[in-house]
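*Asks:* Contents of query_11.cif (mmCIF, C-alpha atoms and all ligand atoms) are given next:
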data_structure
loop_
_atom_site.group_PDB
_atom_site.id
_atom_site.type_symbol
_atom_site.label_atom_id
_atom_site.label_comp_id
_atom_site.auth_asym_id
_atom_site.auth_seq_id
_atom_site.Cartn_x
_atom_site.Cartn_y
_atom_site.Cartn_z
ATOM 1 C CA MET X 6 104.855 78.674 140.487
ATOM 2 C CA VAL X 7 105.958 82.220 139.607
ATOM 3 C CA TYR X 8 108.194 80.787 136.898
ATOM 4 C CA LEU X 9 105.367 79.975 134.487
ATOM 5 C CA PRO X 10 103.967 83.547 134.158
ATOM 6 C CA ARG X 11 107.524 84.878 133.895
ATOM 7 C CA MET X 12 108.420 82.384 131.182
ATOM 8 C CA ARG X 13 105.171 83.161 129.375
ATOM 9 C CA GLU X 14 105.994 86.873 129.390
ATOM 10 C CA ARG X 15 109.493 86.204 128.086
ATOM 11 C CA LEU X 16 108.065 84.105 125.284
ATOM 12 C CA ALA X 17 105.611 86.913 124.431
ATOM 13 C CA TRP X 18 108.589 89.236 123.820
ATOM 14 C CA LEU X 19 109.924 86.696 121.319
ATOM 15 C CA THR X 20 106.774 85.948 119.320
ATOM 16 C CA PHE X 21 107.028 88.854 116.841
ATOM 17 C CA PRO X 22 110.789 88.655 116.141
ATOM 18 C CA VAL X 23 110.698 84.861 115.806
ATOM 19 C CA LEU X 24 107.518 84.569 113.724
ATOM 20 C CA MET X 25 108.080 87.620 111.491
ATOM 21 C CA GLY X 26 111.863 87.307 111.214
ATOM 22 C CA GLY X 27 111.724 83.542 110.800
ATOM 23 C CA PHE X 28 109.186 83.535 107.968
ATOM 24 C CA VAL X 29 110.804 86.489 106.159
ATOM 25 C CA ALA X 30 114.135 84.633 106.353
ATOM 26 C CA LEU X 31 112.503 81.440 105.002
ATOM 27 C CA ALA X 32 110.928 83.388 102.128
ATOM 28 C CA ALA X 33 114.252 84.999 101.207
ATOM 29 C CA TRP X 34 116.087 81.685 101.499
ATOM 30 C CA GLY X 35 113.692 79.809 99.198
ATOM 31 C CA LEU X 36 113.472 82.553 96.587
ATOM 32 C CA GLY X 37 117.268 82.980 96.749
ATOM 33 C CA ARG X 38 117.703 79.278 95.992
ATOM 34 C CA GLY X 39 115.445 79.544 92.970
ATOM 35 C CA PHE X 40 112.372 77.741 94.347
ATOM 36 C CA ASP X 41 109.212 78.210 92.291
ATOM 37 C CA PRO X 42 107.760 81.462 93.736
ATOM 38 C CA ALA X 43 104.114 80.300 93.514
ATOM 39 C CA GLN X 44 104.749 76.923 95.178
ATOM 40 C CA TRP X 45 107.132 78.301 97.819
ATOM 41 C CA GLY X 46 104.704 81.147 98.552
ATOM 42 C CA MET X 47 101.797 78.702 98.985
ATOM 43 C CA ALA X 48 103.856 76.411 101.250
ATOM 44 C CA LEU X 49 104.854 79.354 103.452
ATOM 45 C CA ALA X 50 101.287 80.724 103.526
ATOM 46 C CA VAL X 51 99.886 77.410 104.789
ATOM 47 C CA THR X 52 102.743 76.909 107.297
ATOM 48 C CA ASN X 53 102.475 80.477 108.611
ATOM 49 C CA PHE X 54 98.710 80.073 109.107
ATOM 50 C CA LEU X 55 99.056 76.746 110.972
ATOM 51 C CA VAL X 56 101.913 77.972 113.173
ATOM 52 C CA ILE X 57 100.012 81.130 114.196
ATOM 53 C CA VAL X 58 96.812 79.145 114.923
ATOM 54 C CA GLY X 59 98.930 76.908 117.209
ATOM 55 C CA VAL X 60 100.680 79.803 118.977
ATOM 56 C CA GLU X 61 97.302 81.536 119.500
ATOM 57 C CA GLN X 62 96.228 78.481 121.534
ATOM 58 C CA LEU X 63 99.459 78.436 123.591
ATOM 59 C CA LEU X 64 100.051 82.161 124.086
ATOM 60 C CA PRO X 65 96.744 83.997 123.577
ATOM 61 C CA ARG X 66 96.811 87.772 123.850
ATOM 62 C CA ASN X 67 93.180 87.790 125.016
ATOM 63 C CA PRO X 68 91.905 84.407 126.339
ATOM 64 C CA ALA X 69 88.292 85.474 125.631
ATOM 65 C CA MET X 70 89.031 85.506 121.892
ATOM 66 C CA ASN X 71 89.460 82.248 120.029
ATOM 67 C CA VAL X 72 89.199 81.202 116.409
ATOM 68 C CA LEU X 73 87.517 77.950 117.483
ATOM 69 C CA ARG X 74 84.739 79.672 119.483
ATOM 70 C CA ASP X 75 84.014 82.691 117.262
ATOM 71 C CA ARG X 76 80.618 82.336 115.558
ATOM 72 C CA GLN X 77 81.899 84.419 112.647
ATOM 73 C CA SER X 78 84.868 82.108 111.919
ATOM 74 C CA LEU X 79 83.018 80.244 109.131
ATOM 75 C CA ASN X 80 82.065 83.581 107.562
ATOM 76 C CA ASP X 81 85.709 84.695 107.841
ATOM 77 C CA ILE X 82 86.755 81.552 105.929
ATOM 78 C CA GLY X 83 84.054 82.201 103.316
ATOM 79 C CA HIS X 84 85.278 85.756 102.708
ATOM 80 C CA GLY X 85 88.865 84.459 102.545
ATOM 81 C CA VAL X 86 87.928 81.849 99.921
ATOM 82 C CA LEU X 87 86.055 84.401 97.809
ATOM 83 C CA LEU X 88 88.886 86.903 97.824
ATOM 84 C CA SER X 89 91.519 84.252 97.072
ATOM 85 C CA ALA X 90 89.501 82.671 94.255
ATOM 86 C CA LEU X 91 88.041 85.807 92.670
ATOM 87 C CA ALA X 92 89.210 89.188 93.937
ATOM 88 C CA ARG X 93 92.993 88.685 94.020
ATOM 89 C CA PRO X 94 93.342 87.040 90.582
ATOM 90 C CA ALA X 95 90.948 89.583 89.033
ATOM 91 C CA GLY X 96 92.689 92.525 90.736
ATOM 92 C CA GLY X 97 96.140 91.280 89.752
ATOM 93 C CA ALA X 98 95.025 90.803 86.158
ATOM 94 C CA ALA X 99 93.472 94.302 86.138
ATOM 95 C CA ALA X 100 96.724 95.823 87.447
ATOM 96 C CA ILE X 101 98.810 94.058 84.782
ATOM 97 C CA TRP X 102 96.279 95.005 82.074
ATOM 98 C CA ALA X 103 96.370 98.637 83.221
ATOM 99 C CA MET X 104 100.167 98.700 83.169
ATOM 100 C CA ALA X 105 100.280 97.126 79.702
ATOM 101 C CA HIS X 106 98.093 99.952 78.410
ATOM 102 C CA VAL X 107 99.950 102.655 80.331
ATOM 103 C CA ALA X 108 103.190 101.328 78.827
ATOM 104 C CA GLU X 109 101.849 102.285 75.416
ATOM 105 C CA LEU X 110 101.727 105.917 76.506
ATOM 106 C CA ARG X 111 104.614 108.210 75.672
ATOM 107 C CA GLY X 112 107.242 108.318 78.412
ATOM 108 C CA ALA X 113 105.974 105.285 80.327
ATOM 109 C CA ALA X 114 108.783 103.101 79.050
ATOM 110 C CA SER X 115 111.426 105.352 80.603
ATOM 111 C CA VAL X 116 109.623 105.209 83.991
ATOM 112 C CA ALA X 117 109.567 101.406 83.838
ATOM 113 C CA THR X 118 113.368 101.307 83.743
ATOM 114 C CA LEU X 119 113.794 103.262 86.993
ATOM 115 C CA TRP X 120 113.737 100.195 89.256
ATOM 116 C CA PRO X 121 117.235 99.624 90.768
ATOM 117 C CA ALA X 122 117.421 95.974 89.649
ATOM 118 C CA GLU X 123 121.219 96.015 89.987
ATOM 119 C CA TRP X 124 120.970 96.553 93.780
ATOM 120 C CA PRO X 125 121.273 93.526 96.122
ATOM 121 C CA PHE X 126 117.911 91.855 96.734
ATOM 122 C CA ALA X 127 117.713 93.044 100.377
ATOM 123 C CA ALA X 128 118.418 96.640 99.305
ATOM 124 C CA GLN X 129 115.652 96.494 96.671
ATOM 125 C CA MET X 130 113.217 95.551 99.422
ATOM 126 C CA VAL X 131 113.579 99.012 101.020
ATOM 127 C CA PRO X 132 112.019 101.012 98.139
ATOM 128 C CA ALA X 133 109.641 98.088 97.466
ATOM 129 C CA LEU X 134 108.214 98.128 100.985
ATOM 130 C CA LEU X 135 108.155 101.939 101.164
ATOM 131 C CA LEU X 136 106.196 102.159 97.889
ATOM 132 C CA TRP X 137 103.806 99.360 98.816
ATOM 133 C CA THR X 138 103.083 100.693 102.303
ATOM 134 C CA PHE X 139 102.583 104.214 100.888
ATOM 135 C CA GLY X 140 99.908 102.905 98.484
ATOM 136 C CA ASP X 141 98.453 100.700 101.219
ATOM 137 C CA TYR X 142 98.140 103.724 103.522
ATOM 138 C CA TRP X 143 96.215 105.907 101.058
ATOM 139 C CA VAL X 144 93.928 103.147 99.735
ATOM 140 C CA HIS X 145 93.057 102.141 103.312
ATOM 141 C CA ARG X 146 92.545 105.775 104.378
ATOM 142 C CA ALA X 147 90.195 106.295 101.408
ATOM 143 C CA MET X 148 88.152 103.278 102.565
ATOM 144 C CA HIS X 149 87.563 105.046 105.888
ATOM 145 C CA THR X 150 86.983 108.488 104.340
ATOM 146 C CA TYR X 151 84.506 107.822 101.521
ATOM 147 C CA THR X 152 81.250 106.220 102.607
ATOM 148 C CA PRO X 153 80.645 104.102 99.436
ATOM 149 C CA LEU X 154 84.068 102.499 99.989
ATOM 150 C CA TRP X 155 83.534 102.178 103.745
ATOM 151 C CA TRP X 156 80.580 99.827 103.259
ATOM 152 C CA PHE X 157 82.915 97.330 101.577
ATOM 153 C CA HIS X 158 85.623 97.790 104.228
ATOM 154 C CA ALA X 159 83.051 97.594 107.068
ATOM 155 C CA ILE X 160 82.963 93.795 106.673
ATOM 156 C CA HIS X 161 86.612 93.708 107.813
ATOM 157 C CA HIS X 162 85.858 95.910 110.838
ATOM 158 C CA ASP X 163 82.590 94.286 111.889
ATOM 159 C CA THR X 164 84.072 91.919 114.437
ATOM 160 C CA PRO X 165 84.518 92.153 118.203
ATOM 161 C CA GLN X 166 87.048 89.282 118.024
ATOM 162 C CA MET X 167 90.585 89.399 116.688
ATOM 163 C CA HIS X 168 92.397 86.254 115.544
ATOM 164 C CA ILE X 169 94.226 84.859 112.521
ATOM 165 C CA LEU X 170 91.078 84.485 110.360
ATOM 166 C CA LYS X 171 90.355 88.235 110.551
ATOM 167 C CA SER X 172 93.353 88.849 108.303
ATOM 168 C CA GLY X 173 91.372 87.347 105.391
ATOM 169 C CA ARG X 174 87.966 88.711 106.426
ATOM 170 C CA LEU X 175 87.690 91.246 103.622
ATOM 171 C CA HIS X 176 84.753 91.737 101.295
ATOM 172 C CA LEU X 177 85.719 90.697 97.770
ATOM 173 C CA GLY X 178 85.034 94.262 96.591
ATOM 174 C CA ASP X 179 87.474 95.592 99.224
ATOM 175 C CA GLU X 180 90.145 93.118 98.086
ATOM 176 C CA LEU X 181 89.482 93.785 94.393
ATOM 177 C CA ILE X 182 90.373 97.455 94.986
ATOM 178 C CA ASN X 183 93.452 96.480 97.032
ATOM 179 C CA ALA X 184 94.717 93.933 94.512
ATOM 180 C CA THR X 185 94.235 96.326 91.587
ATOM 181 C CA LEU X 186 95.719 99.520 93.032
ATOM 182 C CA LYS X 187 98.450 98.521 95.470
ATOM 183 C CA PRO X 188 100.840 96.768 92.998
ATOM 184 C CA LEU X 189 100.640 99.672 90.504
ATOM 185 C CA PRO X 190 103.603 101.759 91.797
ATOM 186 C CA LEU X 191 105.916 98.707 91.757
ATOM 187 C CA LEU X 192 104.684 97.554 88.337
ATOM 188 C CA ALA X 193 105.036 101.089 86.940
ATOM 189 C CA LEU X 194 108.683 101.301 87.995
ATOM 190 C CA GLY X 195 109.491 97.889 86.555
ATOM 191 C CA ALA X 196 110.053 95.900 89.782
ATOM 192 C CA PRO X 197 110.907 92.263 88.954
ATOM 193 C CA PRO X 198 108.402 89.451 89.768
ATOM 194 C CA GLU X 199 110.488 88.058 92.657
ATOM 195 C CA ILE X 200 110.271 91.453 94.391
ATOM 196 C CA LEU X 201 106.481 91.449 93.993
ATOM 197 C CA VAL X 202 106.290 87.885 95.382
ATOM 198 C CA PHE X 203 108.523 88.763 98.333
ATOM 199 C CA VAL X 204 106.516 91.909 99.155
ATOM 200 C CA GLY X 205 103.314 89.827 98.941
ATOM 201 C CA LEU X 206 104.704 87.297 101.428
ATOM 202 C CA TRP X 207 106.012 90.043 103.742
ATOM 203 C CA ILE X 208 102.628 91.771 103.979
ATOM 204 C CA MET X 209 100.876 88.421 104.459
ATOM 205 C CA PHE X 210 103.169 87.564 107.413
ATOM 206 C CA ASP X 211 102.721 90.926 109.128
ATOM 207 C CA GLY X 212 99.001 91.038 108.223
ATOM 208 C CA ASN X 213 98.495 87.673 109.920
ATOM 209 C CA LEU X 214 100.407 88.808 113.021
ATOM 210 C CA VAL X 215 98.634 92.172 113.476
ATOM 211 C CA HIS X 216 95.251 90.413 113.342
ATOM 212 C CA SER X 217 96.292 87.385 115.387
ATOM 213 C CA ASN X 218 95.478 86.709 119.024
ATOM 214 C CA VAL X 219 99.142 85.887 119.699
ATOM 215 C CA ASP X 220 100.561 87.678 122.740
ATOM 216 C CA GLN X 221 103.188 90.043 121.324
ATOM 217 C CA ARG X 222 105.183 92.495 123.455
ATOM 218 C CA PHE X 223 107.138 95.505 122.194
ATOM 219 C CA PRO X 224 109.118 98.369 123.719
ATOM 220 C CA SER X 225 107.188 101.640 123.523
ATOM 221 C CA TRP X 226 109.394 103.103 120.766
ATOM 222 C CA ALA X 227 108.849 100.100 118.472
ATOM 223 C CA HIS X 228 105.264 101.145 117.699
ATOM 224 C CA TYR X 229 106.665 104.021 115.607
ATOM 225 C CA PHE X 230 108.374 101.621 113.200
ATOM 226 C CA VAL X 231 107.048 98.076 113.462
ATOM 227 C CA PRO X 232 103.583 96.774 112.534
ATOM 228 C CA THR X 233 102.361 95.902 116.021
ATOM 229 C CA VAL X 234 99.213 94.105 117.061
ATOM 230 C CA GLN X 235 98.551 96.913 119.567
ATOM 231 C CA LEU X 236 98.435 99.532 116.777
ATOM 232 C CA HIS X 237 96.096 97.457 114.628
ATOM 233 C CA ASN X 238 93.822 96.574 117.557
ATOM 234 C CA LEU X 239 93.324 100.321 118.075
ATOM 235 C CA HIS X 240 92.413 100.563 114.379
ATOM 236 C CA HIS X 241 89.760 97.881 114.939
ATOM 237 C CA ALA X 242 88.344 99.643 118.042
ATOM 238 C CA GLN X 243 84.806 101.012 118.041
ATOM 239 C CA ASP X 244 86.159 104.384 119.172
ATOM 240 C CA ARG X 245 86.223 106.543 116.033
ATOM 241 C CA THR X 246 89.307 108.479 117.187
ATOM 242 C CA THR X 247 91.521 105.425 116.877
ATOM 243 C CA GLN X 248 89.422 103.550 114.282
ATOM 244 C CA ASP X 249 90.217 106.345 111.810
ATOM 245 C CA SER X 250 93.957 106.099 112.520
ATOM 246 C CA ASN X 251 96.831 103.604 112.259
ATOM 247 C CA TYR X 252 95.941 102.818 108.638
ATOM 248 C CA SER X 253 99.198 101.189 107.665
ATOM 249 C CA GLY X 254 99.340 97.544 108.683
ATOM 250 C CA SER X 255 102.983 97.175 107.655
ATOM 251 C CA SER X 256 104.752 100.279 109.008
ATOM 252 C CA ALA X 257 103.616 103.224 111.118
ATOM 253 C CA ILE X 258 105.832 105.749 109.355
ATOM 254 C CA TRP X 259 103.101 106.970 106.972
ATOM 255 C CA ASP X 260 100.634 107.397 109.853
ATOM 256 C CA VAL X 261 103.273 109.376 111.779
ATOM 257 C CA LEU X 262 104.075 111.537 108.725
ATOM 258 C CA PHE X 263 100.456 112.221 107.771
ATOM 259 C CA GLY X 264 99.133 112.782 111.303
ATOM 260 C CA THR X 265 96.986 109.657 111.764
ATOM 261 C CA PHE X 266 99.119 107.841 114.345
ATOM 262 C CA SER X 267 97.619 106.624 117.663
ATOM 263 C CA HIS X 268 100.227 105.303 120.091
ATOM 264 C CA PRO X 269 98.946 102.453 122.301
ATOM 265 C CA ASP X 270 100.422 104.128 125.413
ATOM 266 C CA ARG X 271 98.143 107.139 124.912
ATOM 267 C CA PHE X 272 94.927 105.387 123.840
ATOM 268 C CA PRO X 273 93.496 102.569 125.997
ATOM 269 C CA LEU X 274 91.881 99.806 123.930
ATOM 270 C CA GLY X 275 88.093 99.656 124.315
ATOM 271 C CA PRO X 276 85.587 97.307 122.630
ATOM 272 C CA MET X 277 86.387 96.331 119.048
ATOM 273 C CA GLY X 278 84.108 96.212 116.017
ATOM 274 C CA ILE X 279 81.592 98.806 114.776
ATOM 275 C CA ARG X 280 79.291 100.603 117.216
ATOM 276 C CA ASN X 281 75.614 100.081 116.247
ATOM 277 C CA SER X 282 76.813 97.975 113.337
ATOM 278 C CA PRO X 283 74.419 97.666 110.399
ATOM 279 C CA VAL X 284 76.373 94.674 108.995
ATOM 280 C CA PRO X 285 74.225 91.486 108.988
ATOM 281 C CA ALA X 286 75.403 88.259 110.632
ATOM 282 C CA GLY X 287 74.832 85.844 107.718
ATOM 283 C CA PHE X 288 77.454 85.209 105.058
ATOM 284 C CA ALA X 289 75.351 85.785 101.927
ATOM 285 C CA ALA X 290 73.841 88.910 103.495
ATOM 286 C CA GLN X 291 77.366 90.193 104.248
ATOM 287 C CA VAL X 292 78.418 89.680 100.617
ATOM 288 C CA ALA X 293 75.331 91.613 99.454
ATOM 289 C CA PHE X 294 75.537 94.259 102.199
ATOM 290 C CA PRO X 295 77.872 96.890 100.603
ATOM 291 C CA PHE X 296 75.816 96.917 97.395
ATOM 292 C CA LYS X 297 72.519 97.375 99.260
ATOM 293 C CA ALA X 298 74.052 100.008 101.559
ATOM 294 C CA GLN X 299 74.891 102.228 98.567
ATOM 295 C CA LEU X 300 71.155 102.689 98.015
ATOM 296 C CA ARG X 301 70.245 103.601 101.613
ATOM 297 C CA ARG X 302 71.088 107.306 101.694
ATOM 298 C CA PRO X 303 71.457 109.645 103.486
ATOM 299 C CA CYS X 304 71.338 107.666 106.745
ATOM 300 C CA ALA X 305 73.849 105.122 105.439
ATOM 301 C CA SER X 306 77.017 106.950 106.391
ATOM 302 C CA LYS X 307 80.068 105.880 108.344
ATOM 303 C CA ALA X 308 79.320 108.563 110.939
ATOM 304 C CA GLY X 309 75.760 107.328 111.351
ATOM 305 C CA ALA X 310 76.794 103.712 111.732
ATOM 306 C CA ALA X 311 79.882 103.965 113.849
ATOM 307 C CA GLY X 312 79.666 107.273 115.663
HETATM 308 ZN ZN ZN X 401 90.347 99.806 108.297
HETATM 309 ZN ZN ZN X 402 92.529 94.804 110.050
#
What does this structure look like when you write it as C-alpha cells?
Ligand SMILES: [Zn+2]
Ligand SMILES: [Zn+2]

*Replies:*
Amino acid sequence: MVYLPRMRERLAWLTFPVLMGGFVALAAWGLGRGFDPAQWGMALAVTNFLVIVGVEQLLPRNPAMNVLRDRQSLNDIGHGVLLSALARPAGGAAAIWAMAHVAELRGAASVATLWPAEWPFAAQMVPALLLWTFGDYWVHRAMHTYTPLWWFHAIHHDTPQMHILKSGRLHLGDELINATLKPLPLLALGAPPEILVFVGLWIMFDGNLVHSNVDQRFPSWAHYFVPTVQLHNLHHAQDRTTQDSNYSGSSAIWDVLFGTFSHPDRFPLGPMGIRNSPVPAGFAAQVAFPFKAQLRRPCASKAGAAG
C-alpha cells in the first residue's frame, strides 16, 4: 500500500520535465520539419491543454481545486475566447504597425539587422527568451504598480482556485497591452517569424504549467531558474508581500536581479486571490469592471482593495 504514494511522488518529479521538455521538443521538431507554424502551433496548443487537464485529474497538486468544480471556469473560458478572438490579433497587428512606422525612422533599419539569424535555431532561442522575459517582467510589474493598469490585471488575480483555465483568464485589456508591447524588442531586432512562433509556444507551455493544478516537484535551487508552479502560486497569493513579487512566469532571473524574488522555501503559501476583492462574479460585469473602476477614485486603489 505504501507503493502508491511513493509512485505518485516519483511521477510528480517527472511532470515538469516531461510536459515542458516534451512539448518544447515537439514544437522544435515540427517547425524544424517545415510544418505550417499556425497549424502546428494550434495542434500543440489544443494537445497541451487536453493533456494538462487529464494530468490535473490524475495528479492534482491540491485536490480541493478542480477545473470541473470551479464556478468561475465558464468565466475563465469567456475571457480566454475574448482575448484569443480580439486582444491577441489586435495587439499583434498594433505591434507590427508600430514597427513598420518605427522602421521609417532614421537608424531603425540598422537595428533591425542585429538579430543573429546565422546562429543555430537553438542558440537564437537564448536571446529570444531573455528579451521576451525581460519585457514580460516589466509589463507585468507595471500592472501591479500602477492602479489604472491593476484593475485590468485584477481579473487574472481574482481567483482562489488555480488550474489550467487560469492561464487564459486575462481581461482583454490586459492581453491587448501584453500582445502589443511584449513582441516589440524581438520585432525591433529583426527576429524571424519562426522564432516568434517558437517563443509564443514556449511561453504558452510554461504559462499553462505554472497555472495548472498538476503536482510538480522541484529541487530548491531550481526555483531560481525554472518557471515553477510554486513561484507563481505565491504571486497569486492574497499576501501582498508575495503577490507583488515573482513577476516573471517564464524565468526567475529578472525577479532575482531586480529584487522581487520570493523563494517558496521562505514564504509559506496562504489563501490565493485578492483580499476584499472588488471584482464582481458575473462575466459581463468582469469585462466592464476595469473601466468602471477607473472612475471610482480615490478609494479604488490596489492598496485599498488587496491590502
Ligand atoms: Zn500578476
Ligand atoms: Zn498568473

*Asks:* For atom CA of X:Ala48 and atom CA of X:Gly35, quote the distance in Å rounded to one decimal.

*Replies:* 10.6 Å

*Asks:* Work out how far atom CA of X:Ser255 is from atom CA of X:Leu36, in Å to one decimal.

*Replies:*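 It comes out at 21.1 Å.
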
*Asks:* Give as a list in words the residues surrounding ligand ZN 401 (chain X) up to a distance of 7 Å, considering all atoms listed in the file.

*Replies:*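 Residues satisfying the distance criterion: His145, His149, His158, His162, His240, His241 and Tyr252 of chain X.
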
*Asks:* Run the PyMOL selection byres (((not hetatm)) within 9 of (chain X and resi 402)) mentally over the shown coordinates, then write out the matched residues as JSON, numbers by chain, using the chain letters and numbers from the document.

*Replies:* {"X": [161, 162, 167, 171, 172, 173, 174, 175, 212, 215, 216, 237, 238, 240, 241, 252, 254]}

*Asks:* Around (96.0, 105.8, 124.1), as given in the file, which residues come within 12 Å? Count all atoms listed in the file and list them as a list in words.

*Replies:* Ser225, Gln235, Leu236, Asn238, Leu239, His240, Ala242, Asp244, Thr246, Thr247, Ser250, Phe266, Ser267, His268, Pro269, Asp270, Arg271, Phe272, Pro273, Leu274 and Gly275 of chain X

*Asks:* Just checking: using only C-alpha atoms, which residue out of X:Thr150, X:Gln62, X:Thr52, X:Thr233 ends up closest to X:Gln248?

*Replies:* X:Thr150

*Asks:* Counting all atoms listed in the file, what is within 9 Å of X:Asp179, bar same-chain residues fewer than 6 positions away, as number ranges by chain?

*Replies:* X: 88, 92, 148, 154-155, 157-158, 160-161

*Asks:* Could you state the separation of atom CA of X:Val23 and atom CA of X:Pro232 in Å, given to one decimal place?

*Replies:*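 Going from atom CA of X:Val23 over to atom CA of X:Pro232, I get 14.3 Å.
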
*Asks:* Run the PyMOL selection byres (((chain X and resi 263) around 12) and not hetatm) mentally over the shown coordinates, then write out the matched residues as a list in words, using the chain letters and numbers from the document.

*Replies:*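 Evaluating the PyMOL selection byres (((chain X and resi 263) around 12) and not hetatm) on this file yields Phe139, Tyr142, Trp143, Arg146, Ser250, Asn251, Tyr252, Ser253, Ala257, Ile258, Trp259, Asp260, Val261, Leu262, Gly264, Thr265, Phe266 and Ser267 of chain X.
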
*Asks:* Would you write out, as a PyMOL selection string, every residue that the PyMOL selection byres (((chain X and resi 156) around 12) and not hetatm) captures in this file?

*Replies:* chain X and resi 147-155+157-163+175-179+279+282-285+291-301+305-308+310-311

*Asks:* Excluding X:Val202 and any residue of its chain fewer than 5 positions from it, enumerate the residues within 10 Å of it, using only C-alpha atoms, and give them as a ChimeraX atom specification.

*Replies:* /X:32,36,42-43,45-46,197,207

*Asks:* May I have the residues within 12 Å of X:Gly27 as a PyMOL selection string, using all atoms listed in the file and disregarding those fewer than 4 positions away in the same chain?

*Replies:* chain X and resi 19-23+31-34+49+52-53+56+207+210-211

*Asks:* Using only C-alpha atoms, please write the residues we just selected to a file, as a JSON list (two decimals), in the frame of the given file.

*Replies:*
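Generated output (result28.json):
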[["chain", "number", "residue", "atom", "x", "y", "z"],
["X", 19, "LEU", "CA", 109.92, 86.70, 121.32],
["X", 20, "THR", "CA", 106.77, 85.95, 119.32],
["X", 21, "PHE", "CA", 107.03, 88.85, 116.84],
["X", 22, "PRO", "CA", 110.79, 88.66, 116.14],
["X", 23, "VAL", "CA", 110.70, 84.86, 115.81],
["X", 31, "LEU", "CA", 112.50, 81.44, 105.00],
["X", 32, "ALA", "CA", 110.93, 83.39, 102.13],
["X", 33, "ALA", "CA", 114.25, 85.00, 101.21],
["X", 34, "TRP", "CA", 116.09, 81.68, 101.50],
["X", 49, "LEU", "CA", 104.85, 79.35, 103.45],
["X", 52, "THR", "CA", 102.74, 76.91, 107.30],
["X", 53, "ASN", "CA", 102.48, 80.48, 108.61],
["X", 56, "VAL", "CA", 101.91, 77.97, 113.17],
["X", 207, "TRP", "CA", 106.01, 90.04, 103.74],
["X", 210, "PHE", "CA", 103.17, 87.56, 107.41],
["X", 211, "ASP", "CA", 102.72, 90.93, 109.13]]

*Asks:* Nearest to X:Val58: which of X:Leu119, X:Val144, X:Val219, X:Ala127 is it, counting all atoms listed in the file?

*Replies:*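 Of X:Leu119, X:Val144, X:Val219, X:Ala127, the one nearest X:Val58, counting all atoms listed in the file, is X:Val219.
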